[in-house]
$ cat structure-v2.cif   # mmCIF, C-alpha atoms
data_protein
loop_
_atom_site.label_atom_id
_atom_site.label_comp_id
_atom_site.auth_asym_id
_atom_site.auth_seq_id
_atom_site.Cartn_x
_atom_site.Cartn_y
_atom_site.Cartn_z
CA MET A 1 27.86 -31.32 -24.74
CA PRO A 2 26.70 -33.13 -27.93
CA ILE A 3 26.44 -36.91 -27.73
CA ASP A 4 29.29 -37.44 -30.19
CA ASN A 5 31.66 -35.61 -27.86
CA HIS A 6 30.57 -37.87 -25.01
CA ILE A 7 31.07 -40.98 -27.12
CA ASN A 8 34.45 -39.78 -28.37
CA LEU A 9 35.62 -39.80 -24.75
CA LEU A 10 35.57 -43.60 -25.04
CA LYS A 11 38.49 -43.38 -27.47
CA ASN A 12 40.63 -42.17 -24.55
CA ILE A 13 40.41 -45.62 -22.97
CA GLN A 14 43.86 -47.11 -23.49
CA PRO A 15 44.56 -50.80 -24.04
CA VAL A 16 46.23 -52.44 -21.06
CA ASP A 17 48.50 -55.44 -20.68
CA PRO A 18 46.92 -58.64 -19.41
CA PRO A 19 48.01 -59.86 -15.97
CA PRO A 20 51.17 -62.02 -15.90
CA PHE A 21 51.12 -65.84 -15.82
CA LEU A 22 47.74 -65.95 -17.57
CA LEU A 23 48.74 -68.95 -19.70
CA ALA A 24 50.03 -70.82 -16.63
CA LYS A 25 46.73 -70.16 -14.84
CA ILE A 26 44.77 -71.38 -17.87
CA LYS A 27 46.85 -74.57 -18.05
CA HIS A 28 46.35 -75.15 -14.34
CA ARG A 29 42.57 -74.70 -14.69
CA MET A 30 42.47 -77.00 -17.71
CA ALA A 31 44.39 -79.70 -15.84
CA ASN A 32 41.86 -79.46 -13.00
CA THR A 33 38.93 -79.56 -15.40
CA ILE A 34 40.25 -82.72 -17.07
CA THR A 35 40.51 -84.59 -13.75
CA GLU A 36 37.02 -83.48 -12.83
CA THR A 37 35.38 -84.95 -15.94
CA VAL A 38 33.23 -88.04 -15.40
CA PRO A 39 34.56 -91.22 -17.11
CA PHE A 40 32.48 -92.58 -20.00
CA GLN A 41 31.84 -95.92 -18.22
CA TRP A 42 30.30 -94.07 -15.28
CA MET A 43 28.04 -92.08 -17.56
CA LEU A 44 26.98 -95.26 -19.39
CA ALA A 45 26.26 -97.07 -16.11
CA PHE A 46 24.27 -94.08 -14.86
CA CYS A 47 22.21 -93.98 -18.06
CA ILE A 48 21.47 -97.74 -17.92
CA VAL A 49 20.42 -97.61 -14.25
CA GLY A 50 18.26 -94.54 -14.97
CA ALA A 51 16.57 -96.27 -17.94
CA MET A 52 15.94 -99.40 -15.85
CA LEU A 53 14.37 -97.38 -13.05
CA ILE A 54 12.09 -95.63 -15.52
CA LEU A 55 11.08 -98.96 -17.11
CA ILE A 56 10.35 -100.52 -13.70
CA ASN A 57 8.21 -97.52 -12.75
CA VAL A 58 6.32 -97.61 -16.04
CA GLY A 59 5.73 -101.37 -15.57
CA ILE A 60 4.39 -100.94 -12.03
CA ILE A 61 2.15 -98.03 -12.97
CA SER A 62 0.71 -99.82 -16.01
CA GLN A 63 0.01 -102.93 -13.88
CA TYR A 64 -1.96 -100.93 -11.31
CA ASN A 65 -3.78 -98.93 -13.92
CA THR A 66 -5.42 -101.85 -15.77
CA PRO A 67 -9.08 -100.81 -16.13
CA THR A 68 -11.56 -102.90 -14.17
CA THR A 69 -14.28 -104.32 -16.36
CA SER A 70 -17.93 -103.97 -15.41
CA GLY A 71 -18.15 -107.81 -15.19
CA ASP A 72 -15.57 -107.82 -12.41
CA ILE A 73 -17.54 -105.27 -10.44
CA LYS A 74 -20.77 -107.26 -10.81
CA ASP A 75 -19.04 -110.41 -9.55
CA LEU A 76 -17.71 -108.50 -6.57
CA VAL A 77 -21.16 -107.07 -5.75
CA ASN A 78 -22.78 -110.53 -5.97
CA ASN A 79 -20.12 -112.30 -3.94
CA TRP A 80 -20.14 -109.73 -1.18
CA GLN A 81 -23.95 -109.31 -1.37
CA LEU A 82 -23.62 -105.58 -1.60
CA SER A 83 -26.65 -103.36 -2.01
CA THR A 84 -26.81 -101.48 -5.29
CA ASN A 85 -29.46 -98.94 -4.24
CA ASN A 86 -29.42 -96.01 -1.85
CA THR A 87 -32.03 -97.38 0.54
CA ILE A 88 -30.34 -97.89 3.83
CA TYR A 89 -33.07 -99.41 5.99
CA ASN A 90 -34.59 -101.99 3.59
CA GLU A 91 -38.12 -100.68 4.19
CA MET B 1 50.59 -82.02 -28.76
CA LYS B 2 49.86 -80.18 -32.01
CA VAL B 3 46.61 -78.74 -30.59
CA ALA B 4 48.52 -77.46 -27.56
CA LEU B 5 51.03 -75.68 -29.81
CA VAL B 6 48.28 -74.15 -31.96
CA PHE B 7 46.46 -73.06 -28.81
CA GLU B 8 49.59 -71.36 -27.43
CA SER B 9 50.05 -69.42 -30.65
CA VAL B 10 46.37 -68.38 -30.60
CA PHE B 11 46.76 -67.34 -26.98
CA GLU B 12 49.88 -65.28 -27.74
CA ALA B 13 48.16 -63.58 -30.67
CA TYR B 14 44.91 -62.65 -28.91
CA GLN B 15 45.49 -62.57 -25.17
CA GLN B 16 45.80 -58.80 -25.01
CA SER B 17 42.78 -58.02 -27.19
CA ILE B 18 40.60 -60.58 -25.40
CA TYR B 19 41.63 -59.31 -21.97
CA ASN B 20 40.86 -55.73 -23.01
CA LEU B 21 37.54 -56.75 -24.55
CA SER B 22 36.56 -58.53 -21.32
CA LEU B 23 37.61 -55.46 -19.38
CA HIS B 24 35.35 -53.24 -21.51
CA TYR B 25 32.39 -55.52 -20.83
CA LEU B 26 32.95 -56.44 -17.19
CA GLN B 27 34.79 -53.27 -16.08
CA GLN B 28 36.62 -55.03 -13.26
CA GLU B 29 40.21 -56.26 -13.51
CA GLU B 30 39.67 -59.47 -11.55
CA ASP B 31 36.49 -60.39 -13.44
CA ALA B 32 38.21 -59.67 -16.76
CA SER B 33 41.19 -61.84 -15.82
CA ASP B 34 38.91 -64.74 -14.83
CA ALA B 35 36.80 -64.29 -17.96
CA THR B 36 39.90 -64.27 -20.20
CA GLN B 37 41.02 -67.57 -18.69
CA GLU B 38 37.56 -69.11 -19.19
CA ILE B 39 37.37 -67.79 -22.77
CA PHE B 40 40.71 -69.37 -23.71
CA ILE B 41 39.68 -72.65 -22.09
CA LYS B 42 36.59 -72.58 -24.34
CA VAL B 43 38.81 -71.75 -27.32
CA TYR B 44 41.03 -74.76 -26.49
CA GLN B 45 38.05 -77.08 -26.05
CA ASN B 46 36.43 -75.99 -29.33
CA LEU B 47 39.54 -75.54 -31.46
CA HIS B 48 38.73 -78.72 -33.42
CA GLN B 49 35.34 -77.23 -34.37
CA TYR B 50 36.82 -74.08 -35.89
CA GLN B 51 36.05 -73.77 -39.61
CA PRO B 52 38.37 -71.33 -41.41
CA GLU B 53 35.93 -70.98 -44.32
CA ALA B 54 33.15 -69.77 -42.00
CA ALA B 55 35.07 -66.97 -40.23
CA SER B 56 38.60 -65.81 -39.56
CA LEU B 57 40.25 -67.09 -36.39
CA LYS B 58 40.15 -63.61 -34.87
CA THR B 59 36.40 -63.28 -35.52
CA TRP B 60 35.79 -66.76 -34.09
CA VAL B 61 37.76 -66.03 -30.89
CA TYR B 62 36.02 -62.66 -30.55
CA ARG B 63 32.60 -64.25 -30.86
CA ILE B 64 33.43 -66.74 -28.11
CA ALA B 65 34.68 -63.88 -25.93
CA ILE B 66 31.63 -61.66 -26.50
CA ASN B 67 29.18 -64.50 -25.84
CA HIS B 68 31.04 -65.44 -22.67
CA CYS B 69 31.09 -61.87 -21.33
CA LEU B 70 27.39 -61.38 -22.13
CA ASP B 71 26.60 -64.68 -20.35
CA LEU B 72 28.48 -63.50 -17.27
CA LEU B 73 26.61 -60.19 -17.27
CA ARG B 74 23.27 -62.00 -17.63
CA LYS B 75 24.14 -64.23 -14.67
CA LYS B 76 25.03 -61.14 -12.63
CA LYS B 77 21.69 -59.57 -13.55
CA THR B 78 19.78 -62.69 -12.51
CA LYS B 79 21.71 -62.76 -9.26
CA LYS B 80 20.79 -59.13 -8.71
CA ARG B 81 17.09 -59.92 -9.24
CA LEU B 82 17.28 -62.80 -6.79
CA GLY B 83 19.38 -60.77 -4.35
CA PHE B 84 16.42 -59.93 -2.12
CA VAL B 85 15.28 -63.55 -1.87
CA LEU B 86 18.84 -64.69 -1.20
CA SER B 87 19.24 -62.07 1.52
CA ILE B 88 16.04 -63.31 3.26
CA PHE B 89 17.52 -66.78 3.54
CA ALA B 90 20.90 -65.30 4.49
CA PHE B 91 22.84 -66.99 1.72
CA GLN B 92 26.51 -66.01 1.75
CA ASP B 93 26.61 -65.21 -1.94
CA THR B 94 24.31 -62.20 -1.85
CA TYR B 95 24.66 -59.67 -4.62
CA THR B 96 25.17 -55.98 -3.99
CA ALA B 97 24.02 -53.61 -6.70
CA PRO B 98 26.94 -52.24 -8.74
CA GLN B 99 27.85 -48.66 -8.03
CA LEU B 100 29.74 -46.20 -10.20
CA THR B 101 32.74 -46.71 -7.94
CA ASP B 102 32.74 -50.45 -8.77
CA ILE B 103 34.13 -49.72 -12.22
CA GLN B 104 37.86 -50.50 -12.16
CA HIS B 105 39.25 -49.99 -15.64
CA PRO B 106 43.03 -49.47 -15.61
CA GLY B 107 42.95 -48.10 -19.16
CA ILE B 108 41.13 -44.93 -18.10
CA ALA B 109 43.30 -41.91 -17.29
CA ALA B 110 42.66 -40.14 -13.99
CA GLU B 111 41.45 -36.91 -15.65
CA ASP B 112 38.78 -38.76 -17.68
CA LYS B 113 37.77 -41.14 -14.91
CA GLU B 114 34.57 -39.46 -13.73
CA ALA B 115 33.17 -38.71 -17.18
CA ILE B 116 34.03 -42.12 -18.66
CA HIS B 117 32.80 -44.02 -15.59
CA GLN B 118 29.46 -42.24 -15.86
CA LEU B 119 29.30 -42.98 -19.58
CA LEU B 120 30.16 -46.66 -19.04
CA HIS B 121 27.52 -46.84 -16.34
CA ILE B 122 24.93 -45.65 -18.86
CA ILE B 123 26.30 -47.93 -21.61
CA ASN B 124 25.73 -50.85 -19.24
CA THR B 125 22.00 -50.15 -19.39
CA LEU B 126 21.86 -50.45 -23.20
CA PRO B 127 20.60 -53.63 -24.90
CA GLU B 128 23.33 -56.23 -25.51
CA ALA B 129 23.68 -55.68 -29.28
CA GLN B 130 23.93 -51.89 -28.91
CA LYS B 131 26.48 -52.25 -26.13
CA THR B 132 28.57 -54.64 -28.23
CA ALA B 133 28.44 -52.27 -31.22
CA ILE B 134 29.55 -49.32 -29.04
CA ILE B 135 32.39 -51.32 -27.44
CA LEU B 136 33.73 -52.61 -30.75
CA ALA B 137 33.26 -49.46 -32.81
CA LYS B 138 33.92 -46.73 -30.28
CA ILE B 139 36.20 -48.15 -27.58
CA GLU B 140 38.15 -50.59 -29.75
CA SER B 141 37.93 -48.27 -32.81
CA ARG B 142 37.11 -51.13 -35.18
CA SER B 143 35.68 -50.43 -38.62
CA GLN B 144 31.98 -51.05 -39.22
CA LYS B 145 32.96 -53.90 -41.54
CA GLU B 146 34.91 -55.61 -38.74
CA VAL B 147 32.09 -55.03 -36.25
CA ALA B 148 29.61 -56.51 -38.74
CA GLU B 149 31.82 -59.55 -39.25
CA ILE B 150 32.29 -60.17 -35.52
CA MET B 151 28.60 -59.68 -34.72
CA GLY B 152 27.51 -61.70 -37.75
CA ILE B 153 25.26 -58.94 -39.11
CA THR B 154 25.31 -56.54 -42.06
CA ILE B 155 27.10 -53.17 -42.10
CA LYS B 156 23.69 -51.48 -42.37
CA ALA B 157 22.59 -53.28 -39.21
CA VAL B 158 25.72 -52.05 -37.42
CA GLU B 159 25.00 -48.48 -38.53
CA SER B 160 21.46 -48.83 -37.25
CA LEU B 161 22.63 -50.28 -33.92
CA LEU B 162 25.10 -47.44 -33.42
CA GLN B 163 22.47 -44.86 -34.27
CA ARG B 164 19.99 -46.36 -31.81
CA ALA B 165 22.71 -46.60 -29.17
CA LYS B 166 23.53 -42.90 -29.66
CA THR B 167 19.85 -41.94 -29.37
CA ASN B 168 19.44 -44.01 -26.20
CA LEU B 169 22.65 -42.63 -24.68
CA SER B 170 21.61 -39.06 -25.52
CA LYS B 171 18.23 -39.56 -23.83
CA LYS B 172 19.81 -41.06 -20.72
CA ILE B 173 22.58 -38.48 -20.44
CA HIS B 174 20.26 -35.48 -20.79
CA ARG B 175 17.62 -36.91 -18.46
#
$ encode --input "structure-v2.cif" --output "structure tokens"
Amino acid sequence: MPIDNHINLLKNIQPVDPPPFLLAKIKHRMANTITETVPFQWMLAFCIVGAMLILINVGIISQYNTPTTSGDIKDLVNNWQLSTNNTIYNE
Amino acid sequence: MKVALVFESVFEAYQQSIYNLSLHYLQQEEDASDATQEIFIKVYQNLHQYQPEAASLKTWVYRIAINHCLDLLRKKKTKKRLGFVLSIFAFQDTYTAPQLTDIQHPGIAAEDKEAIHQLLHIINTLPEAQKTAIILAKIESRSQKEVAEIMGITIKAVESLLQRAKTNLSKKIHR
């Protein structure tokens, strides 16, 4: 059978009526959706708390990540009398 | 109040065509009914964004419907791909591959059932644009101009899509 004959079979599909009470169901769903929406104040509060948390984290990380200068290391080595060579037994 | 009245008139005007369109895409009465409800909720929520100069109301509602149905089919496909993983972890919502017998289209007469179900099964494997062109032009018998308007493409592009769809269908049918 040529392809056009196959495709023409699709024209035999008849339109059907939608199920009853569709509008009532839609209205019911919309009413439920409206009650489920988050109030604007809640969203604002959530955003502010989120931003504060991020800022606190950034602050803490930047504090811990301050690069140690070579002068600081030298002071530490002198104060603690640390050895700066690989000779273990001081021979 | 005014929006609600406009919405009801839009619903009255297009409920049948949108339900039938959903049925052509999803091929299950229950899925089509759910999809129609979701489509009209989207229409209601976006009614204030409708621009009459950009497209006719019918075209606008059709575009929402087509995008929604294609989204649902994509989700089903993803679910199918993840079906094995979900079954390992024994999730309740496991997906079973659709069979020919899953097609429940009340608009198909009993004598054409087998042939049309097989054809729809093959149409389901076509790319989205080709499937949309076939549904609008061949099942809904819309003119190429209307199909072009709804799909937001040129008439030439519609012709090309239909031609490619025919070639693909022919290959798959005669395989």
$ resolve_selection --input "structure-v2.cif" --expression "the PyMOL selection byres ((chain B and resi 121) around 12)" --output "PDB file with C-alpha atoms, in the coordinates of the input"
ATOM      1  CA  HIS B  24      35.350 -53.240 -21.510  1.00  0.00           C
ATOM      2  CA  TYR B  25      32.390 -55.520 -20.830  1.00  0.00           C
ATOM      3  CA  LEU B  26      32.950 -56.440 -17.190  1.00  0.00           C
ATOM      4  CA  GLN B  27      34.790 -53.270 -16.080  1.00  0.00           C
ATOM      5  CA  PRO B  98      26.940 -52.240  -8.740  1.00  0.00           C
ATOM      6  CA  GLN B  99      27.850 -48.660  -8.030  1.00  0.00           C
ATOM      7  CA  LEU B 100      29.740 -46.200 -10.200  1.00  0.00           C
ATOM      8  CA  THR B 101      32.740 -46.710  -7.940  1.00  0.00           C
ATOM      9  CA  ASP B 102      32.740 -50.450  -8.770  1.00  0.00           C
ATOM     10  CA  ILE B 103      34.130 -49.720 -12.220  1.00  0.00           C
ATOM     11  CA  GLN B 104      37.860 -50.500 -12.160  1.00  0.00           C
ATOM     12  CA  LYS B 113      37.770 -41.140 -14.910  1.00  0.00           C
ATOM     13  CA  GLU B 114      34.570 -39.460 -13.730  1.00  0.00           C
ATOM     14  CA  ALA B 115      33.170 -38.710 -17.180  1.00  0.00           C
ATOM     15  CA  ILE B 116      34.030 -42.120 -18.660  1.00  0.00           C
ATOM     16  CA  HIS B 117      32.800 -44.020 -15.590  1.00  0.00           C
ATOM     17  CA  GLN B 118      29.460 -42.240 -15.860  1.00  0.00           C
ATOM     18  CA  LEU B 119      29.300 -42.980 -19.580  1.00  0.00           C
ATOM     19  CA  LEU B 120      30.160 -46.660 -19.040  1.00  0.00           C
ATOM     20  CA  ILE B 122      24.930 -45.650 -18.860  1.00  0.00           C
ATOM     21  CA  ILE B 123      26.300 -47.930 -21.610  1.00  0.00           C
ATOM     22  CA  ASN B 124      25.730 -50.850 -19.240  1.00  0.00           C
ATOM     23  CA  THR B 125      22.000 -50.150 -19.390  1.00  0.00           C
ATOM     24  CA  LEU B 126      21.860 -50.450 -23.200  1.00  0.00           C
ATOM     25  CA  LYS B 131      26.480 -52.250 -26.130  1.00  0.00           C
ATOM     26  CA  LEU B 169      22.650 -42.630 -24.680  1.00  0.00           C
ATOM     27  CA  LYS B 172      19.810 -41.060 -20.720  1.00  0.00           C
ATOM     28  CA  ILE B 173      22.580 -38.480 -20.440  1.00  0.00           C
TER      29      ILE B 173
END
$ closest_atom_pairs --input "structure-v2.cif" --of "chain B" --to "chain A" --cutoff "8 Å" --atoms "only C-alpha atoms" --output "JSON lines"
{"residue": "B:Phe11", "atom": "CA", "partner": "A:Leu23", "partner_atom": "CA", "distance": 7.7}
{"residue": "B:Gln15", "atom": "CA", "partner": "A:Pro18", "partner_atom": "CA", "distance": 7.1}
{"residue": "B:Gln16", "atom": "CA", "partner": "A:Pro18", "partner_atom": "CA", "distance": 5.7}
{"residue": "B:Tyr19", "atom": "CA", "partner": "A:Pro18", "partner_atom": "CA", "distance": 5.9}
{"residue": "B:Asn20", "atom": "CA", "partner": "A:Pro15", "partner_atom": "CA", "distance": 6.2}
{"residue": "B:Ser33", "atom": "CA", "partner": "A:Pro19", "partner_atom": "CA", "distance": 7.1}
{"residue": "B:Gln37", "atom": "CA", "partner": "A:Ile26", "partner_atom": "CA", "distance": 5.4}
{"residue": "B:Glu38", "atom": "CA", "partner": "A:Ile26", "partner_atom": "CA", "distance": 7.7}
{"residue": "B:Phe40", "atom": "CA", "partner": "A:Ile26", "partner_atom": "CA", "distance": 7.4}
{"residue": "B:Ile41", "atom": "CA", "partner": "A:Ile26", "partner_atom": "CA", "distance": 6.7}
{"residue": "B:Pro106", "atom": "CA", "partner": "A:Val16", "partner_atom": "CA", "distance": 7.0}
{"residue": "B:Gly107", "atom": "CA", "partner": "A:Gln14", "partner_atom": "CA", "distance": 4.5}
{"residue": "B:Ile108", "atom": "CA", "partner": "A:Ile13", "partner_atom": "CA", "distance": 5.0}
{"residue": "B:Ala109", "atom": "CA", "partner": "A:Ile13", "partner_atom": "CA", "distance": 7.4}
{"residue": "B:Asp112", "atom": "CA", "partner": "A:Leu9", "partner_atom": "CA", "distance": 7.8}
{"residue": "B:Ile116", "atom": "CA", "partner": "A:Leu9", "partner_atom": "CA", "distance": 6.7}
{"residue": "B:Leu119", "atom": "CA", "partner": "A:His6", "partner_atom": "CA", "distance": 7.6}
{"residue": "B:Lys138", "atom": "CA", "partner": "A:Leu10", "partner_atom": "CA", "distance": 6.3}
{"residue": "B:Ile139", "atom": "CA", "partner": "A:Leu10", "partner_atom": "CA", "distance": 5.2}
{"residue": "B:Glu140", "atom": "CA", "partner": "A:Lys11", "partner_atom": "CA", "distance": 7.6}
{"residue": "B:Ser141", "atom": "CA", "partner": "A:Lys11", "partner_atom": "CA", "distance": 7.3}
{"residue": "B:Lys166", "atom": "CA", "partner": "A:Ile3", "partner_atom": "CA", "distance": 6.9}
{"residue": "B:Leu169", "atom": "CA", "partner": "A:Ile3", "partner_atom": "CA", "distance": 7.5}
{"residue": "B:Ser170", "atom": "CA", "partner": "A:Ile3", "partner_atom": "CA", "distance": 5.7}
$ write_last_selection --input "structure-v2.cif" --atoms "C-alpha atoms" --output "PDB file, in the frame of the given file"
ATOM      1  CA  PHE B  11      46.760 -67.340 -26.980  1.00  0.00           C
ATOM      2  CA  GLN B  15      45.490 -62.570 -25.170  1.00  0.00           C
ATOM      3  CA  GLN B  16      45.800 -58.800 -25.010  1.00  0.00           C
ATOM      4  CA  TYR B  19      41.630 -59.310 -21.970  1.00  0.00           C
ATOM      5  CA  ASN B  20      40.860 -55.730 -23.010  1.00  0.00           C
ATOM      6  CA  SER B  33      41.190 -61.840 -15.820  1.00  0.00           C
ATOM      7  CA  GLN B  37      41.020 -67.570 -18.690  1.00  0.00           C
ATOM      8  CA  GLU B  38      37.560 -69.110 -19.190  1.00  0.00           C
ATOM      9  CA  PHE B  40      40.710 -69.370 -23.710  1.00  0.00           C
ATOM     10  CA  ILE B  41      39.680 -72.650 -22.090  1.00  0.00           C
ATOM     11  CA  PRO B 106      43.030 -49.470 -15.610  1.00  0.00           C
ATOM     12  CA  GLY B 107      42.950 -48.100 -19.160  1.00  0.00           C
ATOM     13  CA  ILE B 108      41.130 -44.930 -18.100  1.00  0.00           C
ATOM     14  CA  ALA B 109      43.300 -41.910 -17.290  1.00  0.00           C
ATOM     15  CA  ASP B 112      38.780 -38.760 -17.680  1.00  0.00           C
ATOM     16  CA  ILE B 116      34.030 -42.120 -18.660  1.00  0.00           C
ATOM     17  CA  LEU B 119      29.300 -42.980 -19.580  1.00  0.00           C
ATOM     18  CA  LYS B 138      33.920 -46.730 -30.280  1.00  0.00           C
ATOM     19  CA  ILE B 139      36.200 -48.150 -27.580  1.00  0.00           C
ATOM     20  CA  GLU B 140      38.150 -50.590 -29.750  1.00  0.00           C
ATOM     21  CA  SER B 141      37.930 -48.270 -32.810  1.00  0.00           C
ATOM     22  CA  LYS B 166      23.530 -42.900 -29.660  1.00  0.00           C
ATOM     23  CA  LEU B 169      22.650 -42.630 -24.680  1.00  0.00           C
ATOM     24  CA  SER B 170      21.610 -39.060 -25.520  1.00  0.00           C
TER      25      SER B 170
END
$ residues_around --input "structure-v2.cif" --residues "region 150-163 of chain B" --least-positions-apart "2" --cutoff "8 Å" --atoms "all atoms listed in the file" --output "VMD selection string"
chain B and resid 59 to 60 62 to 63 129 to 130 133 to 134 144 to 148 165 to 167
$ write_last_selection --input "structure-v2.cif" --atoms "C-alpha atoms" --output "PDB file, in the frame of the given file"
ATOM      1  CA  THR B  59      36.400 -63.280 -35.520  1.00  0.00           C
ATOM      2  CA  TRP B  60      35.790 -66.760 -34.090  1.00  0.00           C
ATOM      3  CA  TYR B  62      36.020 -62.660 -30.550  1.00  0.00           C
ATOM      4  CA  ARG B  63      32.600 -64.250 -30.860  1.00  0.00           C
ATOM      5  CA  ALA B 129      23.680 -55.680 -29.280  1.00  0.00           C
ATOM      6  CA  GLN B 130      23.930 -51.890 -28.910  1.00  0.00           C
ATOM      7  CA  ALA B 133      28.440 -52.270 -31.220  1.00  0.00           C
ATOM      8  CA  ILE B 134      29.550 -49.320 -29.040  1.00  0.00           C
ATOM      9  CA  GLN B 144      31.980 -51.050 -39.220  1.00  0.00           C
ATOM     10  CA  LYS B 145      32.960 -53.900 -41.540  1.00  0.00           C
ATOM     11  CA  GLU B 146      34.910 -55.610 -38.740  1.00  0.00           C
ATOM     12  CA  VAL B 147      32.090 -55.030 -36.250  1.00  0.00           C
ATOM     13  CA  ALA B 148      29.610 -56.510 -38.740  1.00  0.00           C
ATOM     14  CA  ALA B 165      22.710 -46.600 -29.170  1.00  0.00           C
ATOM     15  CA  LYS B 166      23.530 -42.900 -29.660  1.00  0.00           C
ATOM     16  CA  THR B 167      19.850 -41.940 -29.370  1.00  0.00           C
TER      17      THR B 167
END
$ atom_distance --input "structure-v2.cif" --atom1 "CA of Asn46 (chain B)" --atom2 "CA of Cys69 (chain B)"
17.1 Å
$ atom_distance --input "structure-v2.cif" --atom1 "CA of His174 (chain B)" --atom2 "CA of Lys79 (chain B)"
29.7 Å
$ build_atoms --input "structure-v2.cif" --residues "region 138-151 of chain B" --atoms "N, CA and C atoms" --output "PDB file, keeping the file's coordinate frame"
ATOM      1  N   LYS B 138      33.480 -47.979 -30.901  1.00  0.00           N
ATOM      2  CA  LYS B 138      33.920 -46.730 -30.280  1.00  0.00           C
ATOM      3  C   LYS B 138      35.080 -46.910 -29.307  1.00  0.00           C
ATOM      4  N   ILE B 139      35.077 -47.974 -28.513  1.00  0.00           N
ATOM      5  CA  ILE B 139      36.200 -48.150 -27.580  1.00  0.00           C
ATOM      6  C   ILE B 139      37.370 -48.815 -28.294  1.00  0.00           C
ATOM      7  N   GLU B 140      37.071 -49.860 -29.061  1.00  0.00           N
ATOM      8  CA  GLU B 140      38.150 -50.590 -29.750  1.00  0.00           C
ATOM      9  C   GLU B 140      38.475 -49.983 -31.114  1.00  0.00           C
ATOM     10  N   SER B 141      37.731 -48.974 -31.521  1.00  0.00           N
ATOM     11  CA  SER B 141      37.930 -48.270 -32.810  1.00  0.00           C
ATOM     12  C   SER B 141      38.013 -49.230 -34.003  1.00  0.00           C
ATOM     13  N   ARG B 142      37.130 -50.209 -34.038  1.00  0.00           N
ATOM     14  CA  ARG B 142      37.110 -51.130 -35.180  1.00  0.00           C
ATOM     15  C   ARG B 142      36.192 -50.567 -36.259  1.00  0.00           C
ATOM     16  N   SER B 143      36.502 -50.930 -37.501  1.00  0.00           N
ATOM     17  CA  SER B 143      35.680 -50.430 -38.620  1.00  0.00           C
ATOM     18  C   SER B 143      34.310 -51.107 -38.565  1.00  0.00           C
ATOM     19  N   GLN B 144      33.340 -50.471 -39.227  1.00  0.00           N
ATOM     20  CA  GLN B 144      31.980 -51.050 -39.220  1.00  0.00           C
ATOM     21  C   GLN B 144      31.976 -52.422 -39.878  1.00  0.00           C
ATOM     22  N   LYS B 145      32.878 -52.609 -40.850  1.00  0.00           N
ATOM     23  CA  LYS B 145      32.960 -53.900 -41.540  1.00  0.00           C
ATOM     24  C   LYS B 145      33.395 -54.987 -40.536  1.00  0.00           C
ATOM     25  N   GLU B 146      34.413 -54.648 -39.746  1.00  0.00           N
ATOM     26  CA  GLU B 146      34.910 -55.610 -38.740  1.00  0.00           C
ATOM     27  C   GLU B 146      33.832 -55.920 -37.709  1.00  0.00           C
ATOM     28  N   VAL B 147      33.148 -54.845 -37.262  1.00  0.00           N
ATOM     29  CA  VAL B 147      32.090 -55.030 -36.250  1.00  0.00           C
ATOM     30  C   VAL B 147      30.996 -55.943 -36.821  1.00  0.00           C
ATOM     31  N   ALA B 148      30.642 -55.697 -38.094  1.00  0.00           N
ATOM     32  CA  ALA B 148      29.610 -56.510 -38.740  1.00  0.00           C
ATOM     33  C   ALA B 148      30.030 -57.975 -38.803  1.00  0.00           C
ATOM     34  N   GLU B 149      31.301 -58.183 -39.137  1.00  0.00           N
ATOM     35  CA  GLU B 149      31.820 -59.550 -39.250  1.00  0.00           C
ATOM     36  C   GLU B 149      31.781 -60.255 -37.888  1.00  0.00           C
ATOM     37  N   ILE B 150      32.246 -59.563 -36.856  1.00  0.00           N
ATOM     38  CA  ILE B 150      32.290 -60.170 -35.520  1.00  0.00           C
ATOM     39  C   ILE B 150      30.874 -60.461 -35.017  1.00  0.00           C
ATOM     40  N   MET B 151      29.959 -59.499 -35.245  1.00  0.00           N
ATOM     41  CA  MET B 151      28.600 -59.680 -34.720  1.00  0.00           C
ATOM     42  C   MET B 151      27.743 -60.564 -35.632  1.00  0.00           C
TER      43      MET B 151
END
